[in-house]
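For reference, query.pdb (PDB, C-alpha atoms):
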```pdb
ATOM      1  CA  MET A   1       5.279  19.055   8.951  1.00  0.00           C
ATOM      2  CA  THR A   2       5.158  19.622   5.219  1.00  0.00           C
ATOM      3  CA  GLU A   3       4.887  16.777   2.719  1.00  0.00           C
ATOM      4  CA  GLN A   4       8.484  17.428   1.622  1.00  0.00           C
ATOM      5  CA  GLU A   5       9.744  17.268   5.209  1.00  0.00           C
ATOM      6  CA  PHE A   6       7.875  13.995   5.694  1.00  0.00           C
ATOM      7  CA  THR A   7       9.348  12.615   2.458  1.00  0.00           C
ATOM      8  CA  ASN A   8      12.850  13.603   3.577  1.00  0.00           C
ATOM      9  CA  MET A   9      12.315  11.934   6.957  1.00  0.00           C
ATOM     10  CA  ILE A  10      11.186   8.690   5.304  1.00  0.00           C
ATOM     11  CA  GLU A  11      14.035   8.718   2.809  1.00  0.00           C
ATOM     12  CA  SER A  12      16.531   9.031   5.652  1.00  0.00           C
ATOM     13  CA  ALA A  13      14.947   6.188   7.653  1.00  0.00           C
ATOM     14  CA  SER A  14      16.299   2.667   7.345  1.00  0.00           C
ATOM     15  CA  LEU A  15      14.153  -0.190   6.054  1.00  0.00           C
ATOM     16  CA  ASP A  16      14.369  -1.775   9.524  1.00  0.00           C
ATOM     17  CA  THR A  17      12.960   1.387  11.082  1.00  0.00           C
ATOM     18  CA  LEU A  18      10.062   1.438   8.633  1.00  0.00           C
ATOM     19  CA  SER A  19       9.277  -2.254   9.092  1.00  0.00           C
ATOM     20  CA  GLY A  20       9.214  -1.663  12.855  1.00  0.00           C
ATOM     21  CA  LEU A  21       6.068   0.453  12.475  1.00  0.00           C
ATOM     22  CA  PHE A  22       3.853  -2.524  11.729  1.00  0.00           C
ATOM     23  CA  PRO A  23       3.230  -4.463  14.959  1.00  0.00           C
ATOM     24  CA  ALA A  24       0.676  -1.876  16.040  1.00  0.00           C
ATOM     25  CA  MET A  25      -1.266  -2.450  12.810  1.00  0.00           C
ATOM     26  CA  ASP A  26      -1.759  -6.245  13.217  1.00  0.00           C
ATOM     27  CA  VAL A  27       0.735  -6.667  10.385  1.00  0.00           C
ATOM     28  CA  ASN A  28       3.177  -9.408  11.249  1.00  0.00           C
ATOM     29  CA  SER A  29       5.602  -8.918   8.368  1.00  0.00           C
ATOM     30  CA  VAL A  30       6.118  -7.118   5.092  1.00  0.00           C
ATOM     31  CA  LYS A  31       8.357  -8.656   2.445  1.00  0.00           C
ATOM     32  CA  ILE A  32       9.380  -6.456  -0.479  1.00  0.00           C
ATOM     33  CA  ILE A  33       8.967  -8.145  -3.872  1.00  0.00           C
ATOM     34  CA  GLU A  34      10.515  -6.837  -7.079  1.00  0.00           C
ATOM     35  CA  GLU A  35       8.294  -7.245 -10.133  1.00  0.00           C
ATOM     36  CA  LYS A  36       8.302  -5.927 -13.679  1.00  0.00           C
ATOM     37  CA  LYS A  37       6.148  -2.898 -12.708  1.00  0.00           C
ATOM     38  CA  GLY A  38       8.296  -2.069  -9.666  1.00  0.00           C
ATOM     39  CA  TYR A  39       8.287  -3.078  -6.028  1.00  0.00           C
ATOM     40  CA  THR A  40       5.260  -4.452  -4.211  1.00  0.00           C
ATOM     41  CA  ALA A  41       4.744  -6.398  -1.012  1.00  0.00           C
ATOM     42  CA  LYS A  42       3.787  -9.691   0.520  1.00  0.00           C
ATOM     43  CA  VAL A  43       1.962  -8.740   3.708  1.00  0.00           C
ATOM     44  CA  THR A  44       1.377 -11.254   6.487  1.00  0.00           C
ATOM     45  CA  TYR A  45      -1.108 -10.355   9.210  1.00  0.00           C
ATOM     46  CA  ASP A  46      -1.092 -11.621  12.805  1.00  0.00           C
ATOM     47  CA  ASP A  47      -4.100 -13.875  12.134  1.00  0.00           C
ATOM     48  CA  GLY A  48      -2.248 -15.689   9.321  1.00  0.00           C
ATOM     49  CA  VAL A  49      -3.819 -13.885   6.355  1.00  0.00           C
ATOM     50  CA  VAL A  50      -1.271 -13.381   3.572  1.00  0.00           C
ATOM     51  CA  ALA A  51      -1.890 -10.588   1.068  1.00  0.00           C
ATOM     52  CA  TYR A  52      -0.324  -9.626  -2.239  1.00  0.00           C
ATOM     53  CA  PRO A  53      -1.726  -6.107  -2.706  1.00  0.00           C
ATOM     54  CA  THR A  54      -2.314  -4.610  -6.133  1.00  0.00           C
ATOM     55  CA  PHE A  55       0.102  -1.697  -6.075  1.00  0.00           C
ATOM     56  CA  TRP A  56       3.636  -1.026  -7.315  1.00  0.00           C
ATOM     57  CA  SER A  57       6.243   1.603  -6.555  1.00  0.00           C
ATOM     58  CA  LYS A  58       9.757   2.397  -7.757  1.00  0.00           C
ATOM     59  CA  SER A  59      10.896   2.798  -4.118  1.00  0.00           C
ATOM     60  CA  LYS A  60      11.193   0.044  -1.507  1.00  0.00           C
ATOM     61  CA  LYS A  61      10.607   2.592   1.234  1.00  0.00           C
ATOM     62  CA  GLN A  62       7.450   3.804  -0.459  1.00  0.00           C
ATOM     63  CA  VAL A  63       6.127   0.234  -0.357  1.00  0.00           C
ATOM     64  CA  TYR A  64       6.300   0.281   3.455  1.00  0.00           C
ATOM     65  CA  LEU A  65       4.427   3.584   3.553  1.00  0.00           C
ATOM     66  CA  VAL A  66       1.695   2.306   1.254  1.00  0.00           C
ATOM     67  CA  VAL A  67       1.266  -0.854   3.327  1.00  0.00           C
ATOM     68  CA  LEU A  68       1.070   1.236   6.488  1.00  0.00           C
ATOM     69  CA  ASP A  69      -1.474   3.601   4.936  1.00  0.00           C
ATOM     70  CA  TRP A  70      -3.540   0.887   3.199  1.00  0.00           C
ATOM     71  CA  ALA A  71      -3.254  -1.963   5.774  1.00  0.00           C
ATOM     72  CA  ILE A  72      -7.023  -2.211   6.294  1.00  0.00           C
ATOM     73  CA  GLU A  73      -7.857  -2.156   2.583  1.00  0.00           C
ATOM     74  CA  ILE A  74      -5.111  -4.701   1.816  1.00  0.00           C
ATOM     75  CA  TYR A  75      -6.565  -6.999   4.471  1.00  0.00           C
ATOM     76  CA  LYS A  76     -10.096  -6.588   3.089  1.00  0.00           C
ATOM     77  CA  GLN A  77      -8.874  -7.344  -0.433  1.00  0.00           C
ATOM     78  CA  ALA A  78      -7.045 -10.469   0.738  1.00  0.00           C
ATOM     79  CA  THR A  79     -10.054 -11.872   2.586  1.00  0.00           C
ATOM     80  CA  ASP A  80     -12.742 -11.034   0.015  1.00  0.00           C
ATOM     81  CA  LYS A  81     -13.551 -13.630  -2.655  1.00  0.00           C
ATOM     82  CA  ARG A  82     -14.726 -10.959  -5.133  1.00  0.00           C
ATOM     83  CA  ASN A  83     -11.155  -9.911  -6.020  1.00  0.00           C
ATOM     84  CA  TYR A  84     -11.800  -6.172  -6.378  1.00  0.00           C
ATOM     85  CA  GLY A  85      -8.917  -3.688  -6.457  1.00  0.00           C
ATOM     86  CA  LEU A  86      -7.653  -1.711  -3.475  1.00  0.00           C
ATOM     87  CA  LEU A  87      -9.381   1.430  -4.687  1.00  0.00           C
ATOM     88  CA  PHE A  88     -12.740  -0.327  -4.330  1.00  0.00           C
ATOM     89  CA  TYR A  89     -11.996  -1.238  -0.707  1.00  0.00           C
ATOM     90  CA  ALA A  90     -11.061   2.376  -0.009  1.00  0.00           C
ATOM     91  CA  HIS A  91     -14.044   4.032  -1.726  1.00  0.00           C
ATOM     92  CA  GLY A  92     -16.614   1.394  -2.633  1.00  0.00           C
ATOM     93  CA  TYR A  93     -18.490   2.067  -5.857  1.00  0.00           C
ATOM     94  CA  ASN A  94     -17.592   5.799  -5.901  1.00  0.00           C
ATOM     95  CA  GLY A  95     -15.666   5.950  -9.176  1.00  0.00           C
ATOM     96  CA  ARG A  96     -14.863   9.645  -8.819  1.00  0.00           C
ATOM     97  CA  LEU A  97     -13.072   9.102  -5.495  1.00  0.00           C
ATOM     98  CA  GLN A  98     -11.329   6.038  -6.890  1.00  0.00           C
ATOM     99  CA  ASP A  99     -10.021   8.105  -9.830  1.00  0.00           C
ATOM    100  CA  GLU A 100      -8.899  10.979  -7.582  1.00  0.00           C
ATOM    101  CA  THR A 101      -7.042   8.613  -5.260  1.00  0.00           C
ATOM    102  CA  LYS A 102      -5.431   6.824  -8.185  1.00  0.00           C
ATOM    103  CA  GLN A 103      -4.223  10.135  -9.639  1.00  0.00           C
ATOM    104  CA  LEU A 104      -2.857  11.260  -6.266  1.00  0.00           C
ATOM    105  CA  CYS A 105      -0.984   7.970  -5.900  1.00  0.00           C
ATOM    106  CA  GLU A 106       0.421   8.252  -9.430  1.00  0.00           C
ATOM    107  CA  ARG A 107       1.769  11.729  -8.643  1.00  0.00           C
ATOM    108  CA  ARG A 108       3.611  10.116  -5.727  1.00  0.00           C
ATOM    109  CA  GLY A 109       5.030   7.366  -7.933  1.00  0.00           C
ATOM    110  CA  ILE A 110       2.609   4.605  -6.940  1.00  0.00           C
ATOM    111  CA  GLU A 111       0.549   2.565  -9.360  1.00  0.00           C
ATOM    112  CA  ILE A 112      -2.507   1.274  -7.528  1.00  0.00           C
ATOM    113  CA  ILE A 113      -5.541  -0.618  -8.767  1.00  0.00           C
TER     114      ILE A 113
END
```

Target format C-alpha cells, applied to this file:
Amino acid sequence: MTEQEFTNMIESASLDTLSGLFPAMDVNSVKIIEEKKGYTAKVTYDDGVVAYPTFWSKSKKQVYLVVLDWAIEIYKQATDKRNYGLLFYAHGYNGRLQDETKQLCERRGIEII
C-alpha cells in the first residue's frame, strides 16, 4: 500500500473507527482538543496515566494516527518528571534523528516537539 492509498483510507474512515484501534495499545481513550496551534489530544491509558502530548495537527484524524504511532513515547513523556519533548523519547540525545523526524512530521502537517 502506498502512502497516498493509506492517507485516502484514513480520510475515509470515521473518527469512531479510528478511536476503535486503541484498546490493543493500552490506550483507554483519546479526546481531541482544539488549541491555537491546531488539534492535539488528551490520552488516557488503562493504568490511569493521563497524557497531554506535545504535538499539533490541522486534522482530527491525523491526531488519532499520531497517538497510535507515538503511544509509547507519549506514555514515557507523561510519566517522566524531566519533561522532555516527544522527539527525545523517540530518539534520546540523537539530535540528528530528532531533526529528521521533526521534518518528516512537518511535511505531513504535524508539529511535534

> Which polymer residues have any atom within 7 Å of an atom of Ile32 (chain A), counting only C-alpha atoms, with same-chain residues fewer than 6 positions away left out, as an MDAnalysis selection string?
Replying inline: chainID A and resid 39:42 60

> Once you count all atoms listed in the file, which residues end up no further than 12 Å from (2.0, 1.5, -5.9) in the file's frame, shown as a ChimeraX atom specification?
Replying inline: /A:34-35,37-41,52-67,69-70,86-87,101-113

> For the file shown, what are the residues hit by the PyMOL selection byres ((chain A and resi 46) around 8), laid out as an MDAnalysis selection string?
Replying inline: chainID A and resid 26:28 44:45 47:49

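One finds CA of Val50 (chain A) at 9.0 Å from CA of Thr79 (chain A).
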
Please, what is the axis-aligned box for every listed atom of region 24-35 of chain A with 8 Å on each side, as centre and edge lengths in Å to one decimal, as lines of an AutoDock Vina configuration file?
```
center_x = 4.4
center_y = -5.6
center_z = 3.0
size_x = 28.3
size_y = 23.5
size_z = 42.2
```

>> As an exercise, work out the distance from CA of Met9 (chain A) to CA of Leu68 (chain A) in Å and give it to one decimal place.
In response: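 It comes out at 15.5 Å.
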
> How far is it from CA of Ile74 (chain A) to CA of Tyr93 (chain A), in Å with one decimal?
Replying inline: 16.8 Å

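Taking only C-alpha atoms into account, Ile72 (chain A) lies nearest to A:Val43 out of the set A:Val43, A:Ile10, A:Leu15, A:Leu97.
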